[in-house]
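Here's model07.cif, which has mmCIF, C-alpha atoms:
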data_my_file
#
loop_
_atom_site.label_atom_id
_atom_site.label_comp_id
_atom_site.auth_asym_id
_atom_site.auth_seq_id
_atom_site.Cartn_x
_atom_site.Cartn_y
_atom_site.Cartn_z
CA MET A 351 56.70 77.61 54.86
CA ASP A 352 55.96 80.96 53.29
CA PRO A 353 54.12 83.13 55.91
CA ARG A 354 51.94 84.55 53.16
CA ARG A 355 50.67 81.08 52.26
CA ALA A 356 49.50 80.61 55.82
CA ARG A 357 47.61 83.87 55.82
CA ASP A 358 46.13 83.79 52.34
CA PRO A 359 43.76 80.76 51.93
CA ARG A 360 44.24 80.84 48.15
CA LEU A 361 47.94 80.32 48.62
CA SER A 362 47.42 77.47 51.07
CA ARG A 363 46.06 75.20 48.25
CA PRO A 364 48.61 73.13 46.44
CA ASP A 365 49.54 74.10 42.91
CA PRO A 366 47.79 71.63 40.53
CA ARG A 367 50.68 71.95 38.02
CA LEU A 368 53.07 70.72 40.66
CA GLN A 369 50.72 67.79 41.45
CA ARG A 370 50.58 66.79 37.74
CA LEU A 371 54.36 66.99 37.46
CA GLN A 372 54.81 64.85 40.54
CA ALA A 373 52.27 62.29 39.25
CA ASP A 374 54.10 62.02 35.90
CA SER A 375 57.48 61.58 37.57
CA THR A 376 56.29 58.66 39.80
CA PRO A 377 58.12 55.49 38.60
CA THR A 378 55.93 52.66 37.33
CA PRO A 379 56.74 49.36 39.02
CA PRO A 380 57.85 46.60 36.62
CA PRO A 381 55.25 43.93 35.74
CA THR A 382 55.42 40.72 37.67
CA TYR A 383 55.24 37.25 35.98
CA ASN A 384 54.27 34.02 37.60
CA SER A 385 57.12 31.56 37.07
CA PRO A 386 56.18 27.88 36.44
CA PRO A 387 56.68 25.53 39.33
CA THR A 388 60.02 23.79 39.41
CA LEU A 389 59.85 19.99 39.11
CA PRO A 390 61.47 18.06 41.92
CA GLY A 391 64.97 16.94 41.05
CA ALA A 392 65.12 19.10 37.88
CA GLU A 393 67.60 21.73 39.01
CA ASN A 394 68.75 22.22 35.40
CA GLY A 395 67.20 21.53 32.00
CA PHE A 396 69.86 19.06 30.89
CA LYS A 397 69.12 16.61 33.69
CA GLN A 398 65.41 16.83 32.94
CA GLU A 399 65.93 16.07 29.21
CA VAL A 400 68.21 13.10 29.95
CA SER A 401 65.66 11.68 32.37
CA SER A 402 62.87 12.00 29.78
CA SER A 403 64.99 10.31 27.08
CA GLN A 404 65.81 7.40 29.37
CA HIS A 405 62.16 7.04 30.28
CA LEU A 406 61.07 6.88 26.62
CA GLN A 407 63.77 4.35 25.81
CA GLN A 408 62.69 2.16 28.71
CA GLU A 409 59.05 2.30 27.55
CA LYS A 410 60.12 1.29 23.99
CA GLN A 411 62.07 -1.69 25.29
CA GLU A 412 59.18 -2.81 27.48
CA SER A 413 56.69 -2.54 24.59
CA GLN A 414 58.89 -4.56 22.18
CA SER A 415 57.61 -8.11 21.68
CA PRO A 416 59.77 -11.25 22.05
CA VAL A 417 59.22 -11.98 18.34
CA GLN A 418 60.86 -8.67 17.46
CA ASP A 419 63.77 -9.50 19.73
CA ILE A 420 64.27 -12.86 18.00
CA ALA A 421 64.02 -11.24 14.57
CA GLU A 422 66.63 -8.64 15.47
CA GLN A 423 68.97 -11.30 16.84
CA SER A 424 68.60 -13.49 13.76
CA SER A 425 69.15 -10.55 11.41
CA SER A 426 72.33 -9.64 13.24
CA GLN A 427 73.72 -13.12 12.72
CA THR A 428 75.52 -13.86 9.45
CA GLY A 429 75.48 -17.66 9.60
CA TYR A 430 74.09 -18.21 6.10
CA LYS A 431 75.13 -21.61 4.70
CA PRO A 432 74.73 -22.19 0.96
CA ARG A 433 73.32 -25.53 -0.19
CA PRO A 434 75.88 -27.98 -1.59
CA LEU A 435 75.97 -28.98 -5.24
CA PHE A 436 75.92 -32.75 -5.71
CA CYS A 437 77.39 -34.45 -8.76
CA VAL A 438 76.57 -38.11 -9.54
CA VAL A 439 78.98 -39.95 -11.83
CA CYS A 440 78.87 -43.34 -13.52
CA ALA A 441 80.47 -44.68 -16.72
CA SER A 442 77.96 -43.63 -19.40
CA ASN A 443 75.68 -41.13 -17.62
CA GLN A 444 72.71 -43.36 -18.39
CA ASN A 445 71.58 -45.70 -15.63
CA ARG A 446 73.07 -45.27 -12.17
CA SER A 447 74.08 -41.61 -12.31
CA MET A 448 70.77 -40.64 -13.92
CA GLU A 449 68.79 -42.55 -11.29
CA GLY A 450 70.64 -40.58 -8.62
CA HIS A 451 70.14 -37.36 -10.59
CA SER A 452 66.42 -38.09 -10.85
CA VAL A 453 65.72 -38.83 -7.17
CA LEU A 454 67.88 -35.99 -5.86
CA SER A 455 66.39 -33.49 -8.28
CA LYS A 456 62.83 -34.51 -7.35
CA ALA A 457 63.73 -34.06 -3.68
CA GLY A 458 64.86 -30.51 -4.35
CA TYR A 459 68.65 -30.93 -4.12
CA HIS A 460 71.08 -29.14 -6.41
CA VAL A 461 72.46 -31.89 -8.60
CA VAL A 462 74.26 -32.56 -11.90
CA SER A 463 75.47 -35.82 -13.44
CA TYR A 464 78.23 -37.05 -15.72
CA GLY A 465 79.94 -40.15 -17.13
CA THR A 466 83.65 -40.95 -17.16
CA GLY A 467 83.81 -43.41 -20.07
CA SER A 468 85.26 -42.71 -23.50
CA ALA A 469 81.82 -43.24 -25.07
CA VAL A 470 78.25 -44.11 -24.14
CA ARG A 471 77.75 -47.87 -24.25
CA LEU A 472 74.32 -49.51 -24.02
CA PRO A 473 73.33 -53.18 -24.28
CA GLY A 474 72.65 -54.43 -27.80
CA PRO A 475 71.19 -57.60 -29.29
CA SER A 476 74.20 -59.53 -27.97
CA ILE A 477 77.10 -58.99 -25.55
CA ASP A 478 79.59 -58.44 -28.36
CA LYS A 479 77.30 -55.97 -30.18
CA PRO A 480 76.64 -53.02 -27.84
CA ASN A 481 75.05 -49.78 -28.95
CA ILE A 482 77.76 -47.09 -28.82
CA TYR A 483 77.15 -43.34 -28.94
CA SER A 484 79.34 -40.34 -28.34
CA PHE A 485 78.74 -38.12 -25.32
CA GLY A 486 76.46 -35.26 -26.26
CA THR A 487 74.11 -37.42 -28.34
CA PRO A 488 70.62 -36.43 -27.13
CA TYR A 489 68.72 -39.01 -25.12
CA ASN A 490 65.75 -38.53 -27.41
CA THR A 491 67.86 -39.39 -30.47
CA ILE A 492 69.06 -42.60 -28.82
CA PHE A 493 65.51 -43.42 -27.76
CA GLU A 494 64.13 -42.99 -31.28
CA GLU A 495 66.94 -45.01 -32.83
CA LEU A 496 66.59 -48.00 -30.48
CA ASN A 497 62.82 -47.86 -30.69
CA GLY A 498 63.16 -48.02 -34.43
CA LYS A 499 65.60 -50.96 -34.31
CA ASP A 500 63.77 -53.35 -31.99
CA PRO A 501 61.10 -51.86 -29.71
CA ARG A 502 60.24 -55.22 -28.21
CA LEU A 503 63.83 -56.02 -27.18
CA TYR A 504 64.65 -52.59 -25.81
CA SER A 505 61.37 -52.34 -23.97
CA ALA A 506 61.94 -55.74 -22.37
CA ASN A 507 65.45 -54.91 -21.14
CA GLY A 508 64.32 -51.51 -19.81
CA LEU A 509 66.42 -49.29 -22.10
CA LEU A 510 63.49 -47.39 -23.58
CA HIS A 511 62.03 -46.73 -20.13
CA MET A 512 65.44 -45.52 -18.90
CA LEU A 513 65.99 -43.25 -21.91
CA ASP A 514 62.49 -41.82 -21.59
CA ARG A 515 63.27 -40.89 -17.97
CA ASN A 516 66.63 -39.41 -18.94
CA ARG A 517 65.30 -37.19 -21.71
CA ARG A 518 62.86 -35.66 -19.22
CA ILE A 519 65.77 -34.64 -16.96
CA LYS A 520 68.31 -33.16 -19.38
CA LEU A 521 69.23 -33.07 -23.04
CA ALA A 522 72.12 -35.50 -23.41
CA PRO A 523 74.75 -37.54 -21.54
CA GLU A 524 77.76 -35.44 -20.48
CA ARG A 525 81.37 -36.46 -19.93
CA TRP A 526 83.07 -35.61 -16.63
CA GLN A 527 86.44 -34.86 -18.21
CA ASP A 528 84.86 -32.22 -20.47
CA SER A 529 82.92 -30.47 -17.71
CA ARG A 530 84.03 -27.46 -15.68
CA THR A 531 81.29 -27.60 -13.06
CA VAL A 532 82.59 -27.02 -9.53
CA ALA A 533 80.65 -29.37 -7.24
CA ASP A 534 80.82 -29.70 -3.46
CA ILE A 535 80.10 -33.46 -3.31
CA VAL A 536 80.85 -35.99 -6.07
CA ILE A 537 79.14 -39.39 -5.73
CA THR A 538 80.62 -42.03 -8.01
CA CYS A 539 78.93 -45.36 -8.69
CA GLU A 540 81.90 -47.70 -9.05
CA GLU A 541 85.59 -47.72 -8.21
CA ARG A 542 86.89 -47.11 -11.72
CA CYS A 543 84.74 -43.96 -11.93
CA PHE A 544 86.07 -42.92 -8.51
CA ASP A 545 89.64 -43.33 -9.77
CA ALA A 546 88.89 -41.47 -12.99
CA VAL A 547 87.45 -38.47 -11.09
CA CYS A 548 90.36 -38.34 -8.65
CA ASP A 549 92.93 -38.59 -11.46
CA ASP A 550 91.21 -35.88 -13.49
CA LEU A 551 91.03 -33.44 -10.57
CA LEU A 552 94.67 -34.13 -9.77
CA SER A 553 95.65 -33.37 -13.37
CA ARG A 554 93.83 -30.02 -13.23
CA GLY A 555 96.27 -28.79 -10.59
CA GLY A 556 93.77 -27.45 -8.07
CA GLU A 557 94.06 -23.87 -9.36
CA PHE A 558 90.88 -22.75 -7.55
CA ASN A 559 91.95 -24.37 -4.26
CA LYS A 560 88.31 -25.44 -3.81
CA PRO A 561 87.94 -28.70 -1.84
CA VAL A 562 85.52 -31.40 -2.98
CA HIS A 563 84.51 -34.64 -1.26
CA ILE A 564 84.50 -37.65 -3.58
CA ILE A 565 82.41 -40.57 -2.27
CA ASN A 566 82.14 -43.88 -4.07
CA LEU A 567 79.13 -46.17 -3.60
CA GLU A 568 79.81 -49.49 -5.30
CA ILE A 569 76.66 -50.14 -7.38
CA LYS A 570 76.05 -52.89 -9.92
CA ASP A 571 75.05 -51.58 -13.33
CA ASN A 572 71.46 -52.81 -13.60
CA HIS A 573 68.09 -51.16 -13.14
CA GLU A 574 67.21 -52.91 -9.88
CA GLU A 575 70.47 -51.98 -8.15
CA ALA A 576 70.21 -48.43 -9.45
CA LEU A 577 66.79 -48.05 -7.80
CA ILE A 578 68.14 -49.29 -4.47
CA ALA A 579 71.17 -47.01 -4.76
CA GLY A 580 68.92 -44.01 -5.42
CA LYS A 581 67.48 -44.36 -1.92
CA ALA A 582 70.97 -44.63 -0.47
CA MET A 583 71.99 -41.42 -2.27
CA MET A 584 68.95 -39.68 -0.82
CA ASP A 585 69.98 -40.59 2.73
CA LEU A 586 73.56 -39.53 2.06
CA ALA A 587 72.55 -36.18 0.57
CA ALA A 588 70.15 -35.47 3.45
CA ALA A 589 72.84 -36.16 6.06
CA ILE A 590 75.40 -34.02 4.25
CA GLU A 591 73.08 -31.06 3.77
CA ALA A 592 71.95 -31.18 7.42
CA ALA A 593 75.53 -31.10 8.72
CA ASP A 594 76.74 -27.84 10.28
CA ASP A 595 80.27 -28.52 9.08
CA ILE A 596 80.59 -31.05 6.26
CA ASP A 597 84.36 -31.39 6.60
CA GLU A 598 84.21 -32.07 10.33
CA ARG A 599 81.28 -34.51 10.21
CA MET A 600 82.02 -36.41 7.00
CA ASP A 601 83.55 -39.45 8.74
CA GLU A 602 80.54 -39.74 11.02
CA ILE A 603 78.13 -39.37 8.09
CA LEU A 604 79.86 -42.11 6.10
CA GLN A 605 79.93 -44.45 9.07
CA VAL A 606 76.16 -44.12 9.51
CA GLN A 607 75.69 -44.53 5.76
CA GLN A 608 77.68 -47.77 5.76
CA GLU A 609 75.62 -49.16 8.61
CA LYS A 610 72.31 -48.43 6.86
CA HIS A 611 73.12 -49.47 3.28
CA PRO A 612 74.98 -52.40 1.69
CA HIS A 613 77.22 -50.46 -0.70
CA SER A 614 80.92 -50.38 0.11
CA ILE A 615 82.24 -46.83 0.43
CA LEU A 616 85.41 -45.05 -0.64
CA HIS A 617 86.14 -41.46 0.29
CA ALA A 618 88.72 -38.91 -0.79
CA VAL A 619 89.16 -35.14 -0.70
CA ALA A 620 90.46 -33.42 -3.81
CA PHE A 621 90.67 -29.81 -5.06
CA TYR A 622 89.38 -27.95 -8.07
#
Have the structure of the file written as structure tokens, please.
Amino acid sequence: MDPRRARDPRLSRPDPRLQRLQADSTPTPPPTYNSPPTLPGAENGFKQEVSSSQHLQQEKQESQSPVQDIAEQSSSQTGYKPRPLFCVVCASNQNRSMEGHSVLSKAGYHVVSYGTGSAVRLPGPSIDKPNIYSFGTPYNTIFEELNGKDPRLYSANGLLHMLDRNRRIKLAPERWQDSRTVADIVITCEERCFDAVCDDLLSRGGEFNKPVHIINLEIKDNHEEALIAGKAMMDLAAAIEAADDIDERMDEILQVQQEKHPHSILHAVAFY
């Protein structure tokens, strides 16, 4: 220490300029921040995010209702089965085939009908004098003509009632050989119609390679037998449409059909 500073009291006081300089040069400590508490088991952020995602997914699965589960499962399945198209065939597309067309259509089935004859033949005043019309002649035209000829006769034998029903279903009788409808099931009403359908499909060559089941129910051509056969066709159509696999179950379906109804059955598979 300077000996003069010890003797002179003025010099013993510290220099205020030096005090200010020392105060300015004192380093300021860095600010301190309180860090958030660390969650147990969350050593890194990635593990914490994965755990949260799994937790949310588990909550979503637990909150999902069983109905939603069933809906998702059914939507993921692609087991849609289209409804079959039935085709009912007789000789003139008037009595038996139109009775089948009527009952199946009323029940909601997809159905068409045809005849295999060369012309439409209806009973006349005698056996050797039938009423003959070409296919495509409207049912209403035939109705009006017969009603004009002898309303009493054609009402008594049921022709006018039959034609009135027919004209409410479609315009005119159609011929099988002229049609190009691709059906899944063809129901014929007598053996000669069955043979005609099989022969016609064979002559077409099967260019579409589309299989079709041809089933013959032997039905007498009168109004009473046609009514009975309409119920048999209903049972047959219901069994076929309910089958998971028509091709696999057809023999079983026809066996049950034969046991329940009196009509003899023929069956063949052909191709469009």
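The space separating CA of Val461 (chain A) from CA of Glu609 (chain A) comes to 24.6 Å.
For the residues A:Asp514, A:Glu602, A:Glu541, A:Glu557, ranking by smallest atom-to-atom distance to Asn490 (chain A) using all atoms listed in the file places A:Asp514 first.
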Q.
From the options A:Leu496, A:Val532, A:Ala506, A:Ile603, which residue's atoms come nearest to Ala588 (chain A), counting only C-alpha atoms?
A. A:Ile603
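CA of Ser468 (chain A) sits 11.9 Å away from CA of Gly486 (chain A).
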Q: Take the PyMOL selection byres ((chain A and resi 611) around 10), apply it to the structure above, and return the hits as JSON, numbers by chain.
A: {"A": [567, 578, 579, 581, 582, 583, 585, 606, 607, 608, 609, 610, 612, 613, 614, 615]}
**Q.** Residue IDs satisfying the PyMOL selection byres ((chain A and resi 481-484) around 7), as a VMD selection string
**A.** chain A and resid 469 to 474 479 to 480 485 to 487
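One finds CA of Ala576 (chain A) at 17.9 Å from CA of Leu616 (chain A).
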Q: Report the residues retrieved by the PyMOL selection byres ((chain A and resi 439-453) around 8) from the displayed file, expressed as a PyMOL selection string.
A: chain A and resi 437-438+454-457+461-467+469-471+512-513+516+519+523-526+536-540+543+569+571-573+576-577+579-581+583-584
Based on the selection just made, write C-alpha atoms of those residues as a PDB file, in the coordinates of the input.
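For reference, selection_19.pdb as written:
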ATOM      1  CA  CYS A 437      77.390 -34.450  -8.760  1.00  0.00           C
ATOM      2  CA  VAL A 438      76.570 -38.110  -9.540  1.00  0.00           C
ATOM      3  CA  LEU A 454      67.880 -35.990  -5.860  1.00  0.00           C
ATOM      4  CA  SER A 455      66.390 -33.490  -8.280  1.00  0.00           C
ATOM      5  CA  LYS A 456      62.830 -34.510  -7.350  1.00  0.00           C
ATOM      6  CA  ALA A 457      63.730 -34.060  -3.680  1.00  0.00           C
ATOM      7  CA  VAL A 461      72.460 -31.890  -8.600  1.00  0.00           C
ATOM      8  CA  VAL A 462      74.260 -32.560 -11.900  1.00  0.00           C
ATOM      9  CA  SER A 463      75.470 -35.820 -13.440  1.00  0.00           C
ATOM     10  CA  TYR A 464      78.230 -37.050 -15.720  1.00  0.00           C
ATOM     11  CA  GLY A 465      79.940 -40.150 -17.130  1.00  0.00           C
ATOM     12  CA  THR A 466      83.650 -40.950 -17.160  1.00  0.00           C
ATOM     13  CA  GLY A 467      83.810 -43.410 -20.070  1.00  0.00           C
ATOM     14  CA  ALA A 469      81.820 -43.240 -25.070  1.00  0.00           C
ATOM     15  CA  VAL A 470      78.250 -44.110 -24.140  1.00  0.00           C
ATOM     16  CA  ARG A 471      77.750 -47.870 -24.250  1.00  0.00           C
ATOM     17  CA  MET A 512      65.440 -45.520 -18.900  1.00  0.00           C
ATOM     18  CA  LEU A 513      65.990 -43.250 -21.910  1.00  0.00           C
ATOM     19  CA  ASN A 516      66.630 -39.410 -18.940  1.00  0.00           C
ATOM     20  CA  ILE A 519      65.770 -34.640 -16.960  1.00  0.00           C
ATOM     21  CA  PRO A 523      74.750 -37.540 -21.540  1.00  0.00           C
ATOM     22  CA  GLU A 524      77.760 -35.440 -20.480  1.00  0.00           C
ATOM     23  CA  ARG A 525      81.370 -36.460 -19.930  1.00  0.00           C
ATOM     24  CA  TRP A 526      83.070 -35.610 -16.630  1.00  0.00           C
ATOM     25  CA  VAL A 536      80.850 -35.990  -6.070  1.00  0.00           C
ATOM     26  CA  ILE A 537      79.140 -39.390  -5.730  1.00  0.00           C
ATOM     27  CA  THR A 538      80.620 -42.030  -8.010  1.00  0.00           C
ATOM     28  CA  CYS A 539      78.930 -45.360  -8.690  1.00  0.00           C
ATOM     29  CA  GLU A 540      81.900 -47.700  -9.050  1.00  0.00           C
ATOM     30  CA  CYS A 543      84.740 -43.960 -11.930  1.00  0.00           C
ATOM     31  CA  ILE A 569      76.660 -50.140  -7.380  1.00  0.00           C
ATOM     32  CA  ASP A 571      75.050 -51.580 -13.330  1.00  0.00           C
ATOM     33  CA  ASN A 572      71.460 -52.810 -13.600  1.00  0.00           C
ATOM     34  CA  HIS A 573      68.090 -51.160 -13.140  1.00  0.00           C
ATOM     35  CA  ALA A 576      70.210 -48.430  -9.450  1.00  0.00           C
ATOM     36  CA  LEU A 577      66.790 -48.050  -7.800  1.00  0.00           C
ATOM     37  CA  ALA A 579      71.170 -47.010  -4.760  1.00  0.00           C
ATOM     38  CA  GLY A 580      68.920 -44.010  -5.420  1.00  0.00           C
ATOM     39  CA  LYS A 581      67.480 -44.360  -1.920  1.00  0.00           C
ATOM     40  CA  MET A 583      71.990 -41.420  -2.270  1.00  0.00           C
ATOM     41  CA  MET A 584      68.950 -39.680  -0.820  1.00  0.00           C
TER      42      MET A 584
END
**Q.** Among listed residues A:Val562, A:Phe544, A:Lys520, A:Glu574, nearest Asp597 (chain A) (using only C-alpha atoms)
**A.** A:Val562
Q) From the list A:Arg542, A:Arg599, A:Arg518, A:Arg530, which residue is nearest Tyr622 (chain A) when using only C-alpha atoms? A) A:Arg530
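Considering all atoms listed in the file, the residue among A:Gly556, A:Pro488, A:Pro561, A:Pro432 positioned nearest to Ala533 (chain A) is A:Pro561.
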